[in-house]
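**Q** My questions will all concern the structure given below.
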Amino acid sequence: MWMGLSYVCWGISVVLAAWMLYDWFKVDTTYSEAVLTSSREGELEAVSEKHRI
Amino acid sequence: MTAAVETGQTVIHGDRVSLLRVLGPAHVWALGVGIVLVGEFTGWNFSADKGGALAALIVCWIVGLLYTSVAMIDSEVTSTVAAAGGQYAQAKHIVGPLMAFNVALFLVFAYTMLEVSDAILLGDTIVAKAGVEGLTHNSFIAATIVVLAWLNYRGVLMTLNVNFVITAIAYVSIVILFFSVSPWTQGAVLKLNELVTPGNALPYGWIGVIAAFQFGIWYYLGIEGTTQAAEEVRSPARSLPYGTMAGMITLLIAAAMTWYVCASLMPWEYLGITYYPLWDAGKLTGSPLLENLLFIATLLAALASANGCINDAARAWFSLGRDRYLPSWFSAVHPKYRTPYRSILFLLPIALAFAFIADLNQAITFSILSGVLQYTFMSINIMMFRRKWPLGTIRRGYTHPFHPLPAIVLFCLCMVTFFAIFLGFGSQLIAMTVFYFLISLWFHFYRYKFVRRGDQFSMPWPKPQGY
């Protein structure tokens, strides 16, 4: 049973790793680099909360 | 803002893709306690090998003081600097870019090495349970790291919901074990008075207590990881202090219960060398139910810790990319899942490589060293924060009491811990110090010219006092 579980673990690892690589490729070819790297630190904070004491 | 841009099934609101603000205090608790709780299942007990069972209890409380200081200081600063990267963002705003770069590396190494240690522990625990010849831990290590990376890739809400459930189960298992051994009656199951006597309580004297600090850190290592969620919690000023302090209280209770049960069931000579103190405690009760419960809880605690570590290491790496301290390629956010997917994927093979080739002790030491370096920074950071922006000059979600006492206590205890690490792993301590020195030179003389200096300071604060 344990050896079988070990093979299942290898299988799951390969499938999920392949899925992530596929999704990575799909996202990087669908969206521009400017959109993907557009996050800015503190931006939401500045918009949603007024800085008052 | 501009109109929504629709591509396939993904809708991007405005022209920016940011991390999602979906987390609450329970997720913050799950992140912090999830990372740490594995330390009760293995790690803390090596302090008994260094100084005996009583030394393990003494460091439980003294290191608890260190981490309470960490939690209080962290809660104040991060409720004000609410950005992914946690202590990195704090260092950037309060100390300066070179300190921030180093702190981010401390974070990435501390969490990645802890993730590696968790995966090795999980693999070894399954192999020990199976007892099958030819079965190795590699497949379990690979599955742990890849499945958790996938979970993190798919979204922070599900990641921390899962962490909440598995952390709660692991925690409840400690409580069940504690009440199952009649803790109010010595002699029935527990034999503390026979196992810890005046003759063997401190077998190496007080120097043993100092040496025990190195592994006493494991009772609480990683609670400061809650700050990495700062950009993804709905209300940072409320959720972060609440989740962090609740987590610290939870861990103090778990640490005390764990020591009491384990020290009452195992002699210190064995307690100090076993890799599974709580699982062994479950076995020693003679109850198959408790034995299996603690076996499963050990696995769940390792999973929760690795899960939180992937979350935190990726956010620190992502923040470095966003400020161009590293190539901005790493700062990409997945337009559908809103996670730092490139950072998660980049750190995945690194964790796998270390998990396959590194020794558990080396990985743990690397993680502890990076953690203590970070705590030392925090004690200096809070002093500078209070001096540059005194109370009343900016809004704080939480103000920690007794300043500067927690900072002084934290700094002194960090120095003691460095000395303890030097006693056990002096060469690694020196090697890491040299590494951080060389990487700082690279950053200062080469990388910093790529940084957009004005853009990196994002907090809408007034000028600091004295500037």
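Labels used: A, B, ... for chains in the order of the structure tokens, numbers from 1 for residues in each chain, and numbers from 1 for ligands as shown.
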With chain A as the partner and 8 Å as the cut-off, tabulate the residues of chain B that qualify, each row holding the nearest pair of atoms and their distance in Å to one decimal, using only C-alpha atoms, sorted by chain and rising number, as JSON lines.

**A**
{"residue": "B:Asp15", "atom": "CA", "partner": "A:Val35", "partner_atom": "CA", "distance": 7.0}
{"residue": "B:Arg16", "atom": "CA", "partner": "A:Ser38", "partner_atom": "CA", "distance": 5.1}
{"residue": "B:Val17", "atom": "CA", "partner": "A:Ser39", "partner_atom": "CA", "distance": 5.5}
{"residue": "B:Ser18", "atom": "CA", "partner": "A:Ser39", "partner_atom": "CA", "distance": 4.8}
{"residue": "B:Leu19", "atom": "CA", "partner": "A:Ser39", "partner_atom": "CA", "distance": 7.6}
{"residue": "B:Ala82", "atom": "CA", "partner": "A:Gly42", "partner_atom": "CA", "distance": 7.1}
{"residue": "B:Ala83", "atom": "CA", "partner": "A:Gly42", "partner_atom": "CA", "distance": 6.0}
{"residue": "B:Ala84", "atom": "CA", "partner": "A:Glu41", "partner_atom": "CA", "distance": 7.5}
{"residue": "B:Ala130", "atom": "CA", "partner": "A:Trp2", "partner_atom": "CA", "distance": 6.5}
{"residue": "B:Val132", "atom": "CA", "partner": "A:Trp2", "partner_atom": "CA", "distance": 7.5}
{"residue": "B:Leu135", "atom": "CA", "partner": "A:Met3", "partner_atom": "CA", "distance": 6.5}
{"residue": "B:Ser139", "atom": "CA", "partner": "A:Trp10", "partner_atom": "CA", "distance": 5.4}
{"residue": "B:Phe140", "atom": "CA", "partner": "A:Cys9", "partner_atom": "CA", "distance": 6.2}
{"residue": "B:Ala142", "atom": "CA", "partner": "A:Ser13", "partner_atom": "CA", "distance": 6.3}
{"residue": "B:Ala143", "atom": "CA", "partner": "A:Ser13", "partner_atom": "CA", "distance": 5.1}
{"residue": "B:Val146", "atom": "CA", "partner": "A:Ser13", "partner_atom": "CA", "distance": 5.6}
{"residue": "B:Val147", "atom": "CA", "partner": "A:Ser13", "partner_atom": "CA", "distance": 6.7}
{"residue": "B:Trp150", "atom": "CA", "partner": "A:Leu16", "partner_atom": "CA", "distance": 6.7}
{"residue": "B:Tyr153", "atom": "CA", "partner": "A:Met20", "partner_atom": "CA", "distance": 7.9}
{"residue": "B:Glu231", "atom": "CA", "partner": "A:Gly42", "partner_atom": "CA", "distance": 7.8}
{"residue": "B:Arg322", "atom": "CA", "partner": "A:Arg40", "partner_atom": "CA", "distance": 7.3}
{"residue": "B:Ser328", "atom": "CA", "partner": "A:Thr37", "partner_atom": "CA", "distance": 7.2}
{"residue": "B:Trp329", "atom": "CA", "partner": "A:Thr37", "partner_atom": "CA", "distance": 7.1}
{"residue": "B:Ser331", "atom": "CA", "partner": "A:Thr37", "partner_atom": "CA", "distance": 5.5}
{"residue": "B:Ala332", "atom": "CA", "partner": "A:Thr37", "partner_atom": "CA", "distance": 4.3}
{"residue": "B:Val333", "atom": "CA", "partner": "A:Leu36", "partner_atom": "CA", "distance": 5.5}
{"residue": "B:His334", "atom": "CA", "partner": "A:Leu36", "partner_atom": "CA", "distance": 6.8}
{"residue": "B:Pro335", "atom": "CA", "partner": "A:Leu36", "partner_atom": "CA", "distance": 6.9}
{"residue": "B:Tyr341", "atom": "CA", "partner": "A:Trp24", "partner_atom": "CA", "distance": 7.9}
{"residue": "B:Arg342", "atom": "CA", "partner": "A:Trp24", "partner_atom": "CA", "distance": 7.8}
{"residue": "B:Gly392", "atom": "CA", "partner": "A:Ile53", "partner_atom": "CA", "distance": 7.1}
{"residue": "B:Thr393", "atom": "CA", "partner": "A:Ile53", "partner_atom": "CA", "distance": 7.4}
{"residue": "B:Ile394", "atom": "CA", "partner": "A:Ile53", "partner_atom": "CA", "distance": 6.2}
{"residue": "B:Arg395", "atom": "CA", "partner": "A:Ile53", "partner_atom": "CA", "distance": 5.2}
{"residue": "B:Ser458", "atom": "CA", "partner": "A:Gly42", "partner_atom": "CA", "distance": 5.8}
{"residue": "B:Met459", "atom": "CA", "partner": "A:Gly42", "partner_atom": "CA", "distance": 6.5}
{"residue": "B:Pro460", "atom": "CA", "partner": "A:His51", "partner_atom": "CA", "distance": 7.1}

**Q** With a distance cut-off of 7 Å and only C-alpha atoms, select the neighbouring residues of Val116 in chain B, excluding the residue or stretch itself and same-chain residues fewer than 4 positions from it, and output the selection as a PyMOL selection string.

**A** chain B and resi 112+120+351+354-355+363

**Q** How about saving the chosen residues, N, CA, C and O atoms kept, as a JSON list (two decimals), in the first residue's frame?

**A**
[["chain", "number", "residue", "atom", "x", "y", "z"],
["B", 112, "THR", "N", 11.76, 29.53, 3.19],
["B", 112, "THR", "CA", 12.01, 28.43, 2.24],
["B", 112, "THR", "C", 12.68, 27.27, 2.94],
["B", 112, "THR", "O", 12.33, 26.10, 2.71],
["B", 120, "ILE", "N", 10.67, 17.51, 4.55],
["B", 120, "ILE", "CA", 11.51, 16.37, 4.94],
["B", 120, "ILE", "C", 10.88, 15.65, 6.14],
["B", 120, "ILE", "O", 10.80, 14.42, 6.18],
["B", 351, "ALA", "N", 13.07, 24.99, -3.54],
["B", 351, "ALA", "CA", 12.66, 24.22, -2.35],
["B", 351, "ALA", "C", 12.84, 22.72, -2.60],
["B", 351, "ALA", "O", 13.33, 21.99, -1.74],
["B", 354, "PHE", "N", 16.62, 21.77, -2.47],
["B", 354, "PHE", "CA", 17.14, 21.71, -1.10],
["B", 354, "PHE", "C", 16.56, 20.51, -0.34],
["B", 354, "PHE", "O", 17.25, 19.86, 0.44],
["B", 355, "ALA", "N", 15.27, 20.24, -0.57],
["B", 355, "ALA", "CA", 14.63, 19.13, 0.15],
["B", 355, "ALA", "C", 15.24, 17.79, -0.23],
["B", 355, "ALA", "O", 15.33, 16.88, 0.59],
["B", 363, "ALA", "N", 19.08, 22.42, 7.22],
["B", 363, "ALA", "CA", 17.96, 23.26, 6.77],
["B", 363, "ALA", "C", 17.35, 24.02, 7.95],
["B", 363, "ALA", "O", 17.06, 25.22, 7.85]]

**Q** Between CA of Ala188 in chain B and CA of Gly286 in chain B, measure the distance and give it in Å to one decimal.

**A**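 Computing it gives 12.5 Å between the two atoms.
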
**Q** Name all residues at most 12 Å from Tyr467 in chain B (count only C-alpha atoms; drop same-chain ones fewer than 2 positions away) and give them as an mmCIF file with N, CA, C and O atoms, in the first residue's frame.

**A**
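See around-v8.cif below for the written result:
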data_model
loop_
_atom_site.group_PDB
_atom_site.id
_atom_site.type_symbol
_atom_site.label_atom_id
_atom_site.label_comp_id
_atom_site.auth_asym_id
_atom_site.auth_seq_id
_atom_site.Cartn_x
_atom_site.Cartn_y
_atom_site.Cartn_z
ATOM 1 N N ARG B 387 11.180 56.863 17.078
ATOM 2 C CA ARG B 387 11.924 58.114 17.121
ATOM 3 C C ARG B 387 11.565 59.002 15.923
ATOM 4 O O ARG B 387 11.382 60.209 16.055
ATOM 5 N N LYS B 388 11.437 58.377 14.745
ATOM 6 C CA LYS B 388 11.148 59.166 13.543
ATOM 7 C C LYS B 388 9.686 59.604 13.466
ATOM 8 O O LYS B 388 9.378 60.685 12.988
ATOM 9 N N TRP B 389 8.783 58.704 13.897
ATOM 10 C CA TRP B 389 7.360 59.044 13.883
ATOM 11 C C TRP B 389 6.789 58.762 15.281
ATOM 12 O O TRP B 389 6.201 57.687 15.517
ATOM 13 N N PRO B 462 3.849 61.740 7.046
ATOM 14 C CA PRO B 462 4.558 63.021 7.078
ATOM 15 C C PRO B 462 6.068 62.780 7.149
ATOM 16 O O PRO B 462 6.513 61.666 7.406
ATOM 17 N N LYS B 463 6.838 63.861 6.946
ATOM 18 C CA LYS B 463 8.297 63.733 7.042
ATOM 19 C C LYS B 463 8.695 63.241 8.426
ATOM 20 O O LYS B 463 8.125 63.677 9.429
ATOM 21 N N PRO B 464 9.682 62.357 8.497
ATOM 22 C CA PRO B 464 10.116 61.898 9.827
ATOM 23 C C PRO B 464 10.781 63.015 10.614
ATOM 24 O O PRO B 464 11.348 63.949 10.024
ATOM 25 N N GLN B 465 10.709 62.915 11.918
ATOM 26 C CA GLN B 465 11.331 63.934 12.770
ATOM 27 C C GLN B 465 12.840 63.936 12.578
ATOM 28 O O GLN B 465 13.469 62.880 12.501
#

**Q** List as a list in words the protein and nucleic acid residues near Ser235 in chain B, meaning an atom at most 9 Å away when only C-alpha atoms are counted, but skip any in the same chain fewer than 6 places from it.

**A**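 The contact residues come out as Arg21, Leu23, Gly24 and Pro25 of chain B.
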
**Q** Skipping near chain neighbours, those fewer than 6 positions away, what residues fall within 8 Å of range 54-64 of chain B using only C-alpha atoms, listed as a list in words?

**A**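 Counting only C-alpha atoms, the residues come to Trp44, Asn45, Ser47, Ala48, Val196, Ala201, Leu202, Gly208, Val209, Ala212, Phe213, Gly216, Ile217, Tyr219, Tyr220, Leu252, Ala255, Ala256, Trp259 and Leu413 of chain B.
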
**Q** Which residues come within 12 Å of Ile174 in chain B, counting only C-alpha atoms, excluding same-chain residues fewer than 4 positions away, as a PyMOL selection string?

**A** chain B and resi 37-38+40-41+167-170+178-181+250-251+253-262+277-279+281-282+290-291+293-298+301

**Q** Rounded to one decimal place, report the CA of Ser379 in chain B-CA of Gly96 in chain B distance in Å.

**A** 15.2 Å

**Q** Here is a test: counting only C-alpha atoms, which residue of B:Ala246, B:Ile364, B:Ile439, B:Ala306 is nearest to Thr68 in chain B?

**A**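 Smallest distance to Thr68 in chain B is found for B:Ala246.
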
**Q** Show me, as number ranges by chain, the residues that have an atom within 10 Å of Ala30 in chain B when counting only C-alpha atoms, minus same-chain residues fewer than 4 positions from it.

**A** B: 25-26, 34-36, 159-168, 226, 243-244, 247, 304-305, 308

**Q** Separation of CA of Gln90 in chain B and CA of Thr399 in chain B, in Å?

**A**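 So the answer is 15.5 Å.
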